[in-house]
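K.L.:
Handing you this structure, nothing more for now.
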Amino acid sequence: MMTVFSQLHFLRPDLLWALPALPLIALLWRWRRRRASVWLHAVDAHLLPHLLAPAGRHASVGLAVLLCGWTLAVLALAGPSWRQLAQPLWQAPAPLVVALDLSSRVRASDLPPSRLLQARAKLATLLRERQDGEVALLVYADDAFTVAPLTTDRANVALYLDALDPNVMPRDGQQAARALDAAVLLLQQSGTREGDILLITDRADPADHAAAARALAQQMRVSVLGLGTPDGAAYRADDGQIARAQLEEPSLRALAAAGGGQYARLTDDDTDLRALGVLQARGEGGDRQQGQALSWQDEGFWLLPPLMLLALLAFRRRALAMLVGLGLVLPLSLPVQVQAAESSWWQRADQQDQQRIAAGVDAYRQGDFAAAQQQFAPLQSAEGRYNLGNALARQGQYDAAIAAYDQALTLRPGMPDAVANRAAVEAARKRKPPTPGSQGQSQSQQGPSQPGQAQTPPRQSNGQAQPEQGTPAQTPETGQPDPAEQARADAAQRARMQQALQRQAGNAEAPTERPAAEAESAQQREQRQAVEAWMRRVPDDPGSLLRTKFQRENERRRQEGR
């Protein structure tokens, strides 16, 4: 008992200032009773004690009940607490944006075989070993470009590593300040309040330091990974000139200090990444914590039953019936947080939407796109409309999917994944497969992501469609398929499709029982195979895709005067 009283404290002690009002309540009570007496106006005050029966005992009981009820109410509101319970800790992990220097200086060989290959290997280690949190990848030279937006699917980001090369950049240069500004903008568009930026380069200038300070002012911490050695090595620039690239560590340390982060030189193992703290995402508001924390519990509800019993005395009639009703209702008045949390009646609208998104994502991953559509359809958020578009696209409903993407872009203008998926679905809708009237299911959409997490652009499960036998070769001059090779590929593809249809027609004589959801007619099968054959003609050249993407983005910025 002494231990309980020694730990007793109040969570809201400021409300205890209402207790000094007790004397004022007592005076107000006596004053009201004196005014309520009808004999005060008919009999002199000095004769009243001799003419009226004493009522002091009843008045004292009423006053005591009032003062006791006031005291219990104030103590309950003040939040008495004498015990602690373990509560799980959860903090949203801060996202990470990696900005890689793709200027011609990364061709230097002071980190054998080259800085570029070492940087690719380091990024692969980071994407493989990072435990949680979203990751995005930027590259920069004279300007900065987004390779992959923020996403939790780090395997999709790793698909582009082998395509990273100075040749994909529109112009040579080393504008780290533009990369830092682009990283801050990417983090802000995701809705996060703070994040981390990892810059991989060999030097920095005062403009870069100012950009790091601006990022820190926006709660974005900038760390630097030094690429190269102080001795340096020669490299050939894009203009054909031979120059020497050296690691300028003092400027990089100053940049990390301006950005509130850490600096480390690239090493053969992961000690550099551990020193920078990028292998584990930090939580919002500080370093990420694991486990549980002790939280003081508000025990004020234990004072409600006696307070309600005192409230019964205010009823002059039917007090017994009120007492019986109180006995039935009192157990329901105690807090039952677990049962309330399990009932949808006690959930907010955002909690119900989150449950729908989780159920829809599970159905989507299991291939039940119709069920996923039913879960996503009532959601009116940008993420809900985006996920609905993915589910509709996987069912071949391209027009409805484009409409859903448009709604997501209306709610969140410039949503990169919605823009990318809408373009892919629009291209699939306009594409005419070899078979007349065929319209198959597009296989280029990526599964939906959960809100709070960044979605991924559309692509095949391995990043790009893999060519197979019969895919036409490209001419080195134009990069377009050779006409003769294209004709042979089409003929070979038609022959394979005809053989497959003949085998399926022969197997149709032996009936087999298949679930209704897996049943597929010959026409649907032919349409699906035609679309898959058409998709296989896409060349597997992510470097060319990045180069084209960056050139178009650079041209658009030039036209906009940026």
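Chain labels A, B, ... are given in the sequence in which chains occur in the structure tokens; within each chain residues are numbered consecutively from 1, and ligands are likewise numbered from 1 in the order shown.
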So which bits of segment 104-192 of chain A end up helix (DSSP H, G or I) when you DSSP the backbone, as number ranges by chain?
P.N.:
A: 104-107, 115-129, 154-158, 161-163, 166-168, 176-189
K.L.:
Pull the strand (DSSP E or B) assignments for segment 174-229 of chain A out of DSSP run on the backbone, and list those residues as a list of chain:residue names.
P.N.:
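After running DSSP on the backbone, segment 174-229 of chain A has strand (DSSP E or B) at A:Gly195, A:Asp196, A:Ile197, A:Leu198, A:Leu199, A:Ile200, A:Thr201, A:Met220, A:Arg221, A:Val222, A:Ser223, A:Val224, A:Leu225, A:Gly226.
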K.L.:
Restricting the calculation to only C-alpha atoms, which member of A:Leu164, A:Leu24, A:Leu199, A:Ala372 is positioned closest to Leu252 of chain A?
P.N.:
A:Leu199
K.L.:
For a test of reading the model, state the distance in Å between atom CA of Leu227 of chain A and atom CA of Leu276 of chain A, rounded to one decimal.
P.N.:
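It comes out at 14.1 Å.
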K.L.:
For each of A:Glu134, A:Glu383, A:Asp110, A:Asp417, take the minimum atom-to-atom distance to Val97 of chain A, counting only C-alpha atoms, then give the residue where this is smallest.
P.N.:
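Selected residue with least distance to Val97 of chain A: A:Glu134.
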K.L.:
Ala256 of chain A: which residues within 12 Å, counting only C-alpha atoms, same-chain residues fewer than 3 positions away excluded, as a ChimeraX atom specification?
P.N.:
/A:180,196-201,203-204,208-213,215-216,220-226,249-253,259-264,276
K.L.:
What would the file look like if the residues just selected were written as a tab-separated table (two decimals), in the first residue's frame with N, CA, C and O atoms?
P.N.:
chain	number	residue	atom	x	y	z
A	180	LEU	N	20.92	17.79	-54.39
A	180	LEU	CA	20.39	17.93	-53.02
A	180	LEU	C	19.01	18.59	-53.04
A	180	LEU	O	18.11	18.18	-52.30
A	196	ASP	N	16.56	11.28	-44.82
A	196	ASP	CA	18.02	11.23	-44.97
A	196	ASP	C	18.38	11.30	-46.44
A	196	ASP	O	17.68	10.75	-47.30
A	197	ILE	N	19.49	11.97	-46.71
A	197	ILE	CA	20.05	12.07	-48.06
A	197	ILE	C	21.49	11.59	-48.00
A	197	ILE	O	22.26	12.04	-47.15
A	198	LEU	N	21.85	10.67	-48.89
A	198	LEU	CA	23.21	10.16	-48.99
A	198	LEU	C	23.79	10.60	-50.33
A	198	LEU	O	23.30	10.19	-51.38
A	199	LEU	N	24.82	11.43	-50.27
A	199	LEU	CA	25.48	11.94	-51.47
A	199	LEU	C	26.77	11.15	-51.68
A	199	LEU	O	27.61	11.09	-50.78
A	200	ILE	N	26.94	10.60	-52.88
A	200	ILE	CA	28.14	9.82	-53.22
A	200	ILE	C	28.89	10.60	-54.29
A	200	ILE	O	28.46	10.66	-55.45
A	201	THR	N	30.02	11.18	-53.92
A	201	THR	CA	30.78	12.02	-54.83
A	201	THR	C	32.21	12.14	-54.30
A	201	THR	O	32.56	11.52	-53.28
A	203	ARG	N	33.93	15.50	-54.37
A	203	ARG	CA	34.26	16.87	-53.98
A	203	ARG	C	32.97	17.68	-53.89
A	203	ARG	O	31.91	17.25	-54.34
A	204	ALA	N	33.08	18.87	-53.29
A	204	ALA	CA	31.94	19.77	-53.13
A	204	ALA	C	32.46	21.20	-53.13
A	204	ALA	O	33.63	21.46	-52.82
A	208	ASP	N	27.30	23.78	-52.99
A	208	ASP	CA	26.82	22.51	-52.46
A	208	ASP	C	26.62	22.59	-50.95
A	208	ASP	O	25.66	22.04	-50.41
A	209	HIS	N	27.53	23.30	-50.27
A	209	HIS	CA	27.38	23.47	-48.81
A	209	HIS	C	26.10	24.23	-48.49
A	209	HIS	O	25.38	23.89	-47.53
A	210	ALA	N	25.80	25.25	-49.27
A	210	ALA	CA	24.57	26.01	-49.04
A	210	ALA	C	23.33	25.14	-49.27
A	210	ALA	O	22.34	25.23	-48.54
A	211	ALA	N	23.38	24.28	-50.29
A	211	ALA	CA	22.25	23.38	-50.54
A	211	ALA	C	22.07	22.39	-49.40
A	211	ALA	O	20.93	22.07	-49.02
A	212	ALA	N	23.17	21.90	-48.82
A	212	ALA	CA	23.06	21.00	-47.67
A	212	ALA	C	22.45	21.71	-46.47
A	212	ALA	O	21.65	21.12	-45.73
A	213	ALA	N	22.81	22.99	-46.27
A	213	ALA	CA	22.23	23.75	-45.16
A	213	ALA	C	20.73	23.95	-45.38
A	213	ALA	O	19.93	23.88	-44.44
A	215	ALA	N	18.78	21.91	-46.97
A	215	ALA	CA	18.15	20.62	-46.70
A	215	ALA	C	17.98	20.39	-45.21
A	215	ALA	O	16.94	19.90	-44.75
A	216	LEU	N	19.00	20.75	-44.43
A	216	LEU	CA	18.91	20.57	-42.97
A	216	LEU	C	17.81	21.45	-42.39
A	216	LEU	O	17.13	21.05	-41.44
A	220	MET	N	15.93	17.55	-43.35
A	220	MET	CA	16.50	16.51	-44.20
A	220	MET	C	18.01	16.44	-43.93
A	220	MET	O	18.73	17.39	-44.26
A	221	ARG	N	18.47	15.37	-43.34
A	221	ARG	CA	19.87	15.24	-42.97
A	221	ARG	C	20.69	14.73	-44.16
A	221	ARG	O	20.28	13.81	-44.85
A	222	VAL	N	21.84	15.35	-44.38
A	222	VAL	CA	22.70	15.04	-45.52
A	222	VAL	C	23.98	14.39	-45.03
A	222	VAL	O	24.70	14.97	-44.21
A	223	SER	N	24.24	13.18	-45.50
A	223	SER	CA	25.50	12.48	-45.24
A	223	SER	C	26.23	12.29	-46.56
A	223	SER	O	25.62	12.32	-47.63
A	224	VAL	N	27.55	12.08	-46.48
A	224	VAL	CA	28.39	12.03	-47.68
A	224	VAL	C	29.24	10.78	-47.62
A	224	VAL	O	29.85	10.47	-46.59
A	225	LEU	N	29.31	10.07	-48.75
A	225	LEU	CA	30.20	8.93	-48.93
A	225	LEU	C	31.25	9.32	-49.96
A	225	LEU	O	30.93	9.56	-51.13
A	226	GLY	N	32.51	9.42	-49.51
A	226	GLY	CA	33.58	9.84	-50.38
A	226	GLY	C	33.93	8.77	-51.41
A	226	GLY	O	34.17	7.61	-51.06
A	249	GLU	N	38.53	15.41	-49.45
A	249	GLU	CA	37.81	15.10	-48.21
A	249	GLU	C	37.45	16.33	-47.38
A	249	GLU	O	36.37	16.35	-46.78
A	250	PRO	N	38.31	17.36	-47.27
A	250	PRO	CA	37.90	18.52	-46.46
A	250	PRO	C	36.59	19.16	-46.93
A	250	PRO	O	35.74	19.52	-46.11
A	251	SER	N	36.40	19.27	-48.25
A	251	SER	CA	35.16	19.87	-48.74
A	251	SER	C	33.96	18.97	-48.46
A	251	SER	O	32.86	19.46	-48.18
A	252	LEU	N	34.16	17.65	-48.51
A	252	LEU	CA	33.06	16.73	-48.23
A	252	LEU	C	32.71	16.72	-46.74
A	252	LEU	O	31.53	16.60	-46.37
A	253	ARG	N	33.72	16.82	-45.90
A	253	ARG	CA	33.43	16.89	-44.45
A	253	ARG	C	32.64	18.17	-44.13
A	253	ARG	O	31.72	18.15	-43.30
A	259	GLY	N	25.09	19.79	-43.56
A	259	GLY	CA	23.85	19.05	-43.66
A	259	GLY	C	23.45	18.29	-42.42
A	259	GLY	O	22.43	17.58	-42.43
A	260	GLY	N	24.24	18.40	-41.34
A	260	GLY	CA	23.90	17.72	-40.09
A	260	GLY	C	24.10	16.22	-40.12
A	260	GLY	O	23.55	15.51	-39.29
A	261	GLY	N	24.90	15.72	-41.10
A	261	GLY	CA	25.11	14.29	-41.21
A	261	GLY	C	26.54	13.88	-40.93
A	261	GLY	O	27.29	14.60	-40.26
A	262	GLN	N	26.94	12.73	-41.46
A	262	GLN	CA	28.26	12.16	-41.24
A	262	GLN	C	28.99	12.02	-42.58
A	262	GLN	O	28.37	12.04	-43.64
A	263	TYR	N	30.31	11.87	-42.46
A	263	TYR	CA	31.12	11.63	-43.65
A	263	TYR	C	31.91	10.34	-43.45
A	263	TYR	O	32.38	10.05	-42.34
A	264	ALA	N	32.05	9.57	-44.52
A	264	ALA	CA	32.87	8.36	-44.50
A	264	ALA	C	33.40	8.13	-45.91
A	264	ALA	O	32.74	8.46	-46.90
A	276	LEU	N	27.85	5.70	-41.41
A	276	LEU	CA	26.90	6.73	-41.82
A	276	LEU	C	25.50	6.48	-41.26
A	276	LEU	O	24.66	7.38	-41.30
K.L.:
When you count only C-alpha atoms, which of these residues is closest to Val168 of chain A: A:Ala141, A:Ala124, A:Ala370, A:Ala428?
P.N.:
A:Ala141
